[in-house]
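Coordinates as given in input_26.csv (CSV, C-alpha atoms):
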```csv
chain,number,residue,atom,x,y,z
A,9,MET,CA,8.3,14.4,-5.4
A,10,ASN,CA,10.0,11.1,-4.4
A,11,ARG,CA,9.0,7.9,-6.1
A,12,LYS,CA,7.3,5.6,-3.6
A,13,PRO,CA,5.6,2.2,-3.9
A,14,ILE,CA,1.8,2.0,-3.5
A,15,ILE,CA,0.0,-0.5,-1.3
A,16,ILE,CA,-3.4,-1.8,-2.3
A,17,GLY,CA,-5.3,-3.7,0.4
A,18,VAL,CA,-7.7,-6.3,-0.7
A,19,ALA,CA,-9.9,-7.6,2.2
A,20,GLY,CA,-13.0,-9.7,2.5
A,21,GLY,CA,-14.4,-12.8,4.3
A,22,THR,CA,-13.2,-16.3,3.8
A,23,GLY,CA,-14.3,-17.5,0.4
A,24,SER,CA,-15.3,-14.0,-0.8
A,25,GLY,CA,-13.0,-14.1,-3.8
A,26,LYS,CA,-10.4,-11.6,-2.5
A,27,THR,CA,-7.5,-13.9,-3.5
A,28,THR,CA,-9.0,-14.2,-7.0
A,29,VAL,CA,-9.3,-10.4,-7.2
A,30,ALA,CA,-5.7,-10.0,-6.2
A,31,LYS,CA,-4.5,-12.6,-8.7
A,32,GLU,CA,-6.7,-11.1,-11.5
A,33,ILE,CA,-5.2,-7.7,-10.9
A,34,TYR,CA,-1.7,-9.2,-10.8
A,35,ARG,CA,-2.3,-11.2,-14.0
A,36,ASN,CA,-2.9,-7.9,-15.9
A,37,PHE,CA,0.6,-6.8,-15.2
A,38,PRO,CA,3.0,-9.4,-16.7
A,39,ASP,CA,6.6,-8.4,-16.2
A,40,GLN,CA,5.6,-5.3,-14.4
A,41,SER,CA,6.7,-4.1,-11.0
A,42,ILE,CA,4.0,-5.7,-8.8
A,43,ALA,CA,3.9,-8.2,-6.0
A,44,ILE,CA,1.3,-9.9,-3.8
A,45,ILE,CA,1.7,-10.2,0.0
A,46,GLU,CA,-0.7,-12.6,1.7
A,47,GLN,CA,-1.7,-11.9,5.3
A,48,ASP,CA,-2.0,-15.7,5.8
A,49,ALA,CA,1.8,-15.9,5.5
A,50,TYR,CA,2.0,-13.9,8.8
A,51,TYR,CA,0.2,-16.2,11.1
A,52,LYS,CA,2.1,-16.2,14.4
A,53,ALA,CA,4.8,-18.8,15.0
A,54,GLN,CA,3.5,-21.5,17.3
A,55,GLY,CA,6.6,-23.7,17.7
A,56,HIS,CA,6.5,-23.1,21.5
A,57,LYS,CA,3.0,-24.7,21.8
A,58,THR,CA,2.0,-28.4,21.8
A,59,MET,CA,0.1,-29.7,18.8
A,60,GLU,CA,-3.1,-29.8,20.9
A,61,GLU,CA,-2.7,-26.1,21.7
A,62,ARG,CA,-2.0,-25.3,18.1
A,63,LEU,CA,-5.2,-27.1,17.0
A,64,LEU,CA,-7.2,-24.8,19.2
A,65,THR,CA,-5.9,-21.7,17.4
A,66,ASN,CA,-8.6,-19.4,16.1
A,67,TYR,CA,-7.2,-18.4,12.7
A,68,ASP,CA,-10.1,-15.9,12.1
A,69,HIS,CA,-9.2,-13.7,15.1
A,70,PRO,CA,-6.9,-10.7,14.7
A,71,LEU,CA,-4.6,-12.0,17.5
A,72,ALA,CA,-3.7,-15.0,15.2
A,73,PHE,CA,-1.6,-12.7,13.0
A,74,ASP,CA,1.9,-11.3,13.6
A,75,HIS,CA,1.0,-7.8,12.4
A,76,ASP,CA,4.1,-6.3,13.9
A,77,LEU,CA,6.3,-8.3,11.5
A,78,LEU,CA,3.9,-7.6,8.6
A,79,ILE,CA,4.1,-3.9,9.2
A,80,GLU,CA,7.9,-4.0,9.5
A,81,HIS,CA,8.1,-5.8,6.2
A,82,LEU,CA,5.7,-3.4,4.5
A,83,ASN,CA,7.8,-0.4,5.7
A,84,GLN,CA,10.9,-2.1,4.3
A,85,LEU,CA,9.2,-2.5,0.9
A,86,LEU,CA,8.1,1.1,1.0
A,87,GLN,CA,11.8,2.0,1.3
A,88,PHE,CA,12.6,-0.3,-1.7
A,89,LYS,CA,14.3,-2.8,0.5
A,90,PRO,CA,13.8,-6.6,0.0
A,91,ILE,CA,12.1,-8.8,2.7
A,92,GLU,CA,12.0,-12.4,3.6
A,93,LYS,CA,8.3,-13.4,3.7
A,94,PRO,CA,7.5,-16.2,6.1
A,95,VAL,CA,5.9,-19.5,5.1
A,96,TYR,CA,3.1,-21.0,7.2
A,97,ASP,CA,2.9,-24.8,7.5
A,98,TYR,CA,-0.8,-25.7,7.8
A,99,THR,CA,0.0,-29.3,8.6
A,100,ALA,CA,2.3,-28.5,11.5
A,101,HIS,CA,0.1,-25.4,12.5
A,102,THR,CA,3.1,-23.2,12.9
A,103,ARG,CA,5.6,-21.1,10.8
A,104,SER,CA,7.9,-23.1,8.6
A,105,ASP,CA,11.7,-22.7,8.5
A,106,LYS,CA,11.3,-21.7,4.9
A,107,ILE,CA,11.2,-18.1,3.7
A,108,ILE,CA,10.3,-16.5,0.3
A,109,PRO,CA,12.5,-13.6,-0.8
A,110,VAL,CA,10.4,-10.6,-2.0
A,111,GLU,CA,12.0,-7.9,-4.0
A,112,PRO,CA,10.7,-4.3,-3.7
A,113,LYS,CA,8.1,-3.4,-6.3
A,114,ASP,CA,6.2,-0.3,-7.4
A,115,VAL,CA,2.8,-1.9,-6.5
A,116,ILE,CA,2.2,-4.1,-3.6
A,117,ILE,CA,-1.1,-6.0,-3.2
A,118,LEU,CA,-1.8,-6.9,0.4
A,119,GLU,CA,-4.6,-9.5,0.7
A,120,GLY,CA,-6.2,-11.1,3.7
A,121,ILE,CA,-9.4,-11.4,5.8
A,122,LEU,CA,-8.3,-8.9,8.5
A,123,ILE,CA,-6.0,-6.4,6.8
A,124,LEU,CA,-8.5,-3.5,7.3
A,125,GLU,CA,-9.0,-4.4,11.0
A,126,ASP,CA,-5.6,-3.0,12.1
A,127,GLU,CA,-5.4,0.8,11.9
A,128,ARG,CA,-1.6,0.7,11.5
A,129,LEU,CA,-2.0,-1.4,8.3
A,130,ARG,CA,-4.8,0.8,7.0
A,131,ASN,CA,-2.5,3.8,7.3
A,132,LEU,CA,0.0,2.2,5.0
A,133,MET,CA,-2.5,1.6,2.2
A,134,ASP,CA,-3.1,3.9,-0.7
A,135,ILE,CA,-6.2,2.0,-1.8
A,136,LYS,CA,-8.4,-0.1,0.4
A,137,VAL,CA,-10.7,-2.7,-1.3
A,138,PHE,CA,-13.3,-4.9,0.4
A,139,VAL,CA,-14.6,-7.9,-1.6
A,140,ASP,CA,-18.3,-8.4,-0.5
A,141,THR,CA,-19.8,-11.7,-1.3
A,142,ASP,CA,-23.0,-13.4,0.1
A,143,SER,CA,-22.4,-15.7,3.0
A,144,ASP,CA,-24.0,-18.7,1.3
A,145,LEU,CA,-21.5,-18.5,-1.6
A,146,ARG,CA,-18.6,-18.0,0.8
A,147,ILE,CA,-19.5,-21.2,2.8
A,148,ILE,CA,-19.9,-23.2,-0.3
A,149,ARG,CA,-16.5,-22.1,-1.6
A,150,ARG,CA,-14.8,-22.8,1.7
A,151,LEU,CA,-16.5,-26.2,1.9
A,152,LEU,CA,-15.1,-27.1,-1.6
A,153,ARG,CA,-11.7,-25.7,-0.9
A,154,ASP,CA,-11.2,-27.4,2.5
A,155,THR,CA,-12.5,-30.8,1.5
A,156,GLN,CA,-10.7,-30.9,-1.9
A,157,GLU,CA,-7.4,-29.2,-1.0
A,158,ARG,CA,-7.0,-29.6,2.7
A,159,GLY,CA,-8.4,-33.1,3.3
A,160,ARG,CA,-11.1,-31.9,5.7
A,161,SER,CA,-14.4,-33.6,6.2
A,162,VAL,CA,-17.7,-31.9,5.4
A,163,GLU,CA,-18.8,-32.1,9.0
A,164,SER,CA,-15.6,-30.5,10.4
A,165,VAL,CA,-15.8,-27.6,7.9
A,166,ILE,CA,-19.4,-26.9,8.7
A,167,ASN,CA,-18.8,-27.1,12.4
A,168,GLN,CA,-15.8,-24.7,12.2
A,169,TYR,CA,-17.8,-22.3,10.1
A,170,ILE,CA,-20.7,-22.2,12.5
A,171,THR,CA,-18.7,-22.1,15.7
A,172,VAL,CA,-15.7,-19.9,14.6
A,173,VAL,CA,-15.7,-18.5,11.1
A,174,ARG,CA,-19.1,-17.0,11.0
A,175,PRO,CA,-19.0,-15.3,14.5
A,176,MET,CA,-15.5,-14.0,13.7
A,177,HIS,CA,-16.6,-12.7,10.4
A,178,LEU,CA,-19.5,-10.8,12.0
A,179,GLN,CA,-17.4,-9.5,14.8
A,180,PHE,CA,-14.2,-8.5,13.1
A,181,ILE,CA,-14.3,-8.7,9.3
A,182,GLU,CA,-17.7,-7.4,8.2
A,183,PRO,CA,-17.3,-4.1,10.3
A,184,THR,CA,-14.1,-3.3,8.4
A,185,LYS,CA,-16.1,-2.7,5.2
A,186,ARG,CA,-16.6,0.9,6.3
A,187,TYR,CA,-12.9,1.6,5.9
A,188,ALA,CA,-12.9,0.5,2.2
A,189,ASP,CA,-12.4,3.0,-0.6
A,190,ILE,CA,-13.9,0.5,-3.0
A,191,ILE,CA,-16.4,-2.4,-2.4
A,192,ILE,CA,-16.3,-5.1,-5.0
A,193,PRO,CA,-19.4,-7.4,-5.0
A,194,GLU,CA,-19.0,-11.0,-6.1
A,195,GLY,CA,-15.2,-11.0,-6.0
A,196,GLY,CA,-13.3,-12.3,-9.0
A,197,GLN,CA,-16.4,-12.6,-11.2
A,198,ASN,CA,-16.7,-8.8,-11.2
A,199,ALA,CA,-14.8,-8.0,-14.4
A,200,VAL,CA,-15.8,-4.3,-14.4
A,201,ALA,CA,-14.5,-3.6,-10.9
A,202,ILE,CA,-11.2,-5.4,-11.7
A,203,ASP,CA,-10.8,-3.5,-15.0
A,204,LEU,CA,-11.3,-0.2,-13.0
A,205,MET,CA,-8.6,-1.3,-10.5
A,206,VAL,CA,-6.2,-2.3,-13.3
A,207,THR,CA,-6.7,1.1,-15.1
A,208,LYS,CA,-6.0,3.0,-11.8
A,209,ILE,CA,-2.9,0.9,-11.1
A,210,HIS,CA,-1.6,1.5,-14.7
A,211,SER,CA,-1.9,5.3,-14.2
A,212,ILE,CA,0.0,5.1,-10.9
A,213,LEU,CA,2.7,3.0,-12.5
A,214,GLU,CA,3.0,5.5,-15.3
A,215,LYS,CA,3.3,8.3,-12.8
A,216,ASN,CA,5.9,6.4,-10.9
A,217,ASN,CA,7.9,5.7,-14.0
A,218,SER,CA,8.0,9.4,-14.9
A,219,LEU,CA,9.5,10.1,-11.5
A,220,ALA,CA,12.2,7.3,-11.8
```

Could I get this file's structure written as structure tokens?
Amino acid sequence: MNRKPIIIGVAGGTGSGKTTVAKEIYRNFPDQSIAIIEQDAYYKAQGHKTMEERLLTNYDHPLAFDHDLLIEHLNQLLQFKPIEKPVYDYTAHTRSDKIIPVEPKDVIILEGILILEDERLRNLMDIKVFVDTDSDLRIIRRLLRDTQERGRSVESVINQYITVVRPMHLQFIEPTKRYADIIIPEGGQNAVAIDLMVTKIHSILEKNNSLA
């Protein structure tokens, strides 16, 4: 049997705690062969658009993402080849000129709101996780994040949530829960679920190391 990296998909709505879950899993493997790939890094380049057009982008829609490039990069990592992960500039609303080199690892955590929506991505995953958190908690977390970290006004965050984020969640994100192997309620606060994931990954790493 050939040694092969495993891909763990961690999905969930905005503010669900999926990033916290991914980071908590990662934190349990210091100096181990594990990497995180964020779907947000693969927003489509919009350099050909005017700023006005860029501001109208619906970042919660599947078409906002360059899944072709993401799939290409995941396939390279599965072949133990390094990739150059793009960097998205949220100020300019397009892809930056910068890249982040990512070396191949035994475990790749792919996290993002819509990673379970694309069947091609699902087919690359060994474990599919959906972080399920109540909508009231998710909007509060998004409100705090966007006002404190992204300089947004309370009114603009609420308006975006009502007009874009919530309808997109109900149309595209919530339905992908049915594809999950594991559903984690309350995100990063669910220590039991994270411990179970860590134990499973440890067993996979040990198995991979025995094949090396």

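Counting from CA of Arg130 in chain A, the distance to CA of Val172 in chain A is 24.6 Å.
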
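The list of residues with at least one atom within 9 Å of range 153-162 of chain A, based on all atoms listed in the file and without residues fewer than 4 positions apart in the same chain, reads A:Gly23, A:Tyr98, A:Ile148, A:Arg149, A:Ile166, A:Asn167.
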
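Interatomic distance, CA of Gln84 in chain A to CA of Ile192 in chain A: 28.9 Å.
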
Checklist line | CA of Phe138 in chain A to CA of Gly21 in chain A, straight-line distance in Å | finding: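 Result for CA of Gly21 in chain A versus CA of Phe138 in chain A: 8.9 Å, one decimal.
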
Checklist line | Nearby residues, (3.2, -21.6, 15.9) file frame, 10 Å, only C-alpha atoms, as JSON, numbers by chain | finding: {"A": [51, 52, 53, 54, 55, 56, 57, 58, 59, 61, 62, 65, 72, 96, 97, 98, 100, 101, 102, 103, 104]}

At a cut-off of 7 Å, using only C-alpha atoms, what residues contact Val137 in chain A? Leave out same-chain residues fewer than 5 positions from it and give the result as a short mmCIF file (atom, residue, chain, number, x, y, z; two decimals) with C-alpha atoms, in the coordinates of the input.
```cif
data_model
loop_
_atom_site.label_atom_id
_atom_site.label_comp_id
_atom_site.auth_asym_id
_atom_site.auth_seq_id
_atom_site.Cartn_x
_atom_site.Cartn_y
_atom_site.Cartn_z
CA GLY A 17 -5.30 -3.70 0.40
CA VAL A 18 -7.70 -6.30 -0.70
CA ALA A 19 -9.90 -7.60 2.20
CA ALA A 188 -12.90 0.50 2.20
CA ASP A 189 -12.40 3.00 -0.60
CA ILE A 190 -13.90 0.50 -3.00
CA ILE A 191 -16.40 -2.40 -2.40
#
```

Notebook entry, point to check: Between A:Ile15, A:Met133, A:Leu63, A:Val110, which is the closest to Lys93 in chain A once you count all atoms listed in the file?
Noted result: A:Val110

Next item on the list: Can you pull out every residue within 7 Å of Ile44 in chain A, counting only C-alpha atoms, but drop anything in the same chain fewer than 3 positions away, and send it as a ChimeraX atom specification?
Entry: /A:116-118

Note to self: Give me, as number ranges by chain, all polymer residues having an atom no more than 9 Å from range 81-83 of chain A, counting all atoms listed in the file and skipping those fewer than 2 positions away in the same chain.
What the structure shows: A: 15, 76-79, 85-93, 116, 129, 132

Check: For Ile45 in chain A, which residue among A:Ile170, A:Ile33, A:Ala201, A:Ile16 is the nearest when counting all atoms listed in the file?
Finding: A:Ile16

Next item on the list: Just the residues within 12 Å of Asn198 in chain A, please, counting only C-alpha atoms, with nothing from its chain fewer than 2 positions along; format it as a list in words.
Entry: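 Selected residues are Ser24, Gly25, Lys26, Thr28, Val29, Glu32, Ile33, Val139, Asp140, Thr141, Ile191, Ile192, Pro193, Glu194, Gly195, Gly196, Val200, Ala201, Ile202, Asp203, Leu204 and Met205 of chain A.
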
Margin query: Taking only C-alpha atoms into account, name the residue in A:Arg11, A:Gln179, A:Lys106, A:Thr22 that is nearest to Ser143 in chain A.
Written below: A:Thr22

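The shortest atom-to-atom distance to Pro70 in chain A, with all atoms listed in the file taken into account, belongs to A:His177 out of A:Lys136, A:His177, A:Lys185, A:Arg150.
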
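If you measure from each of A:Ile107, A:Leu71, A:Leu145, A:Ala30 to Glu125 in chain A using all atoms listed in the file, the closest one turns out to be A:Leu71.
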
Checklist line | Nearest to Ile123 in chain A, chosen from A:Asn66, A:Pro175, A:Pro13, A:Ile181, with only C-alpha atoms counted in the distances | finding: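 Looking only at the distances to Ile123 in chain A, the closest residue turns out to be A:Ile181.
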
With N, CA and C atoms as the target, complete range 109-123 of chain A and hand it back as an mmCIF file, in the frame of the given file.
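Written out: rebuild_26.cif:
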```cif
data_model
loop_
_atom_site.group_PDB
_atom_site.id
_atom_site.type_symbol
_atom_site.label_atom_id
_atom_site.label_comp_id
_atom_site.auth_asym_id
_atom_site.auth_seq_id
_atom_site.Cartn_x
_atom_site.Cartn_y
_atom_site.Cartn_z
ATOM 1 N N PRO A 109 11.925 -14.919 -0.529
ATOM 2 C CA PRO A 109 12.500 -13.600 -0.800
ATOM 3 C C PRO A 109 11.495 -12.759 -1.632
ATOM 4 N N VAL A 110 11.234 -11.534 -1.239
ATOM 5 C CA VAL A 110 10.400 -10.600 -2.000
ATOM 6 C C VAL A 110 11.152 -9.367 -2.306
ATOM 7 N N GLU A 111 11.325 -9.081 -3.577
ATOM 8 C CA GLU A 111 12.000 -7.900 -4.000
ATOM 9 C C GLU A 111 11.070 -6.672 -3.958
ATOM 10 N N PRO A 112 11.591 -5.472 -3.723
ATOM 11 C CA PRO A 112 10.700 -4.300 -3.700
ATOM 12 C C PRO A 112 10.068 -4.082 -5.087
ATOM 13 N N LYS A 113 8.840 -3.610 -5.083
ATOM 14 C CA LYS A 113 8.100 -3.400 -6.300
ATOM 15 C C LYS A 113 7.383 -2.017 -6.228
ATOM 16 N N ASP A 114 6.907 -1.541 -7.369
ATOM 17 C CA ASP A 114 6.200 -0.300 -7.400
ATOM 18 C C ASP A 114 4.775 -0.404 -6.836
ATOM 19 N N VAL A 115 4.182 -1.606 -7.018
ATOM 20 C CA VAL A 115 2.800 -1.900 -6.500
ATOM 21 C C VAL A 115 2.836 -3.113 -5.670
ATOM 22 N N ILE A 116 2.300 -3.000 -4.453
ATOM 23 C CA ILE A 116 2.200 -4.100 -3.600
ATOM 24 C C ILE A 116 0.746 -4.384 -3.238
ATOM 25 N N ILE A 117 0.258 -5.576 -3.562
ATOM 26 C CA ILE A 117 -1.100 -6.000 -3.200
ATOM 27 C C ILE A 117 -1.065 -6.762 -1.933
ATOM 28 N N LEU A 118 -1.702 -6.255 -0.905
ATOM 29 C CA LEU A 118 -1.800 -6.900 0.400
ATOM 30 C C LEU A 118 -3.178 -7.519 0.508
ATOM 31 N N GLU A 119 -3.281 -8.865 0.598
ATOM 32 C CA GLU A 119 -4.600 -9.500 0.700
ATOM 33 C C GLU A 119 -4.777 -10.330 1.902
ATOM 34 N N GLY A 120 -5.978 -10.278 2.507
ATOM 35 C CA GLY A 120 -6.200 -11.100 3.700
ATOM 36 C C GLY A 120 -7.560 -10.700 4.339
ATOM 37 N N ILE A 121 -8.052 -11.579 5.205
ATOM 38 C CA ILE A 121 -9.400 -11.400 5.800
ATOM 39 C C ILE A 121 -9.424 -10.173 6.738
ATOM 40 N N LEU A 122 -8.310 -9.888 7.404
ATOM 41 C CA LEU A 122 -8.300 -8.900 8.500
ATOM 42 C C LEU A 122 -7.365 -7.733 8.276
ATOM 43 N N ILE A 123 -6.981 -7.471 7.040
ATOM 44 C CA ILE A 123 -6.000 -6.400 6.800
ATOM 45 C C ILE A 123 -6.536 -5.015 7.086
#
```
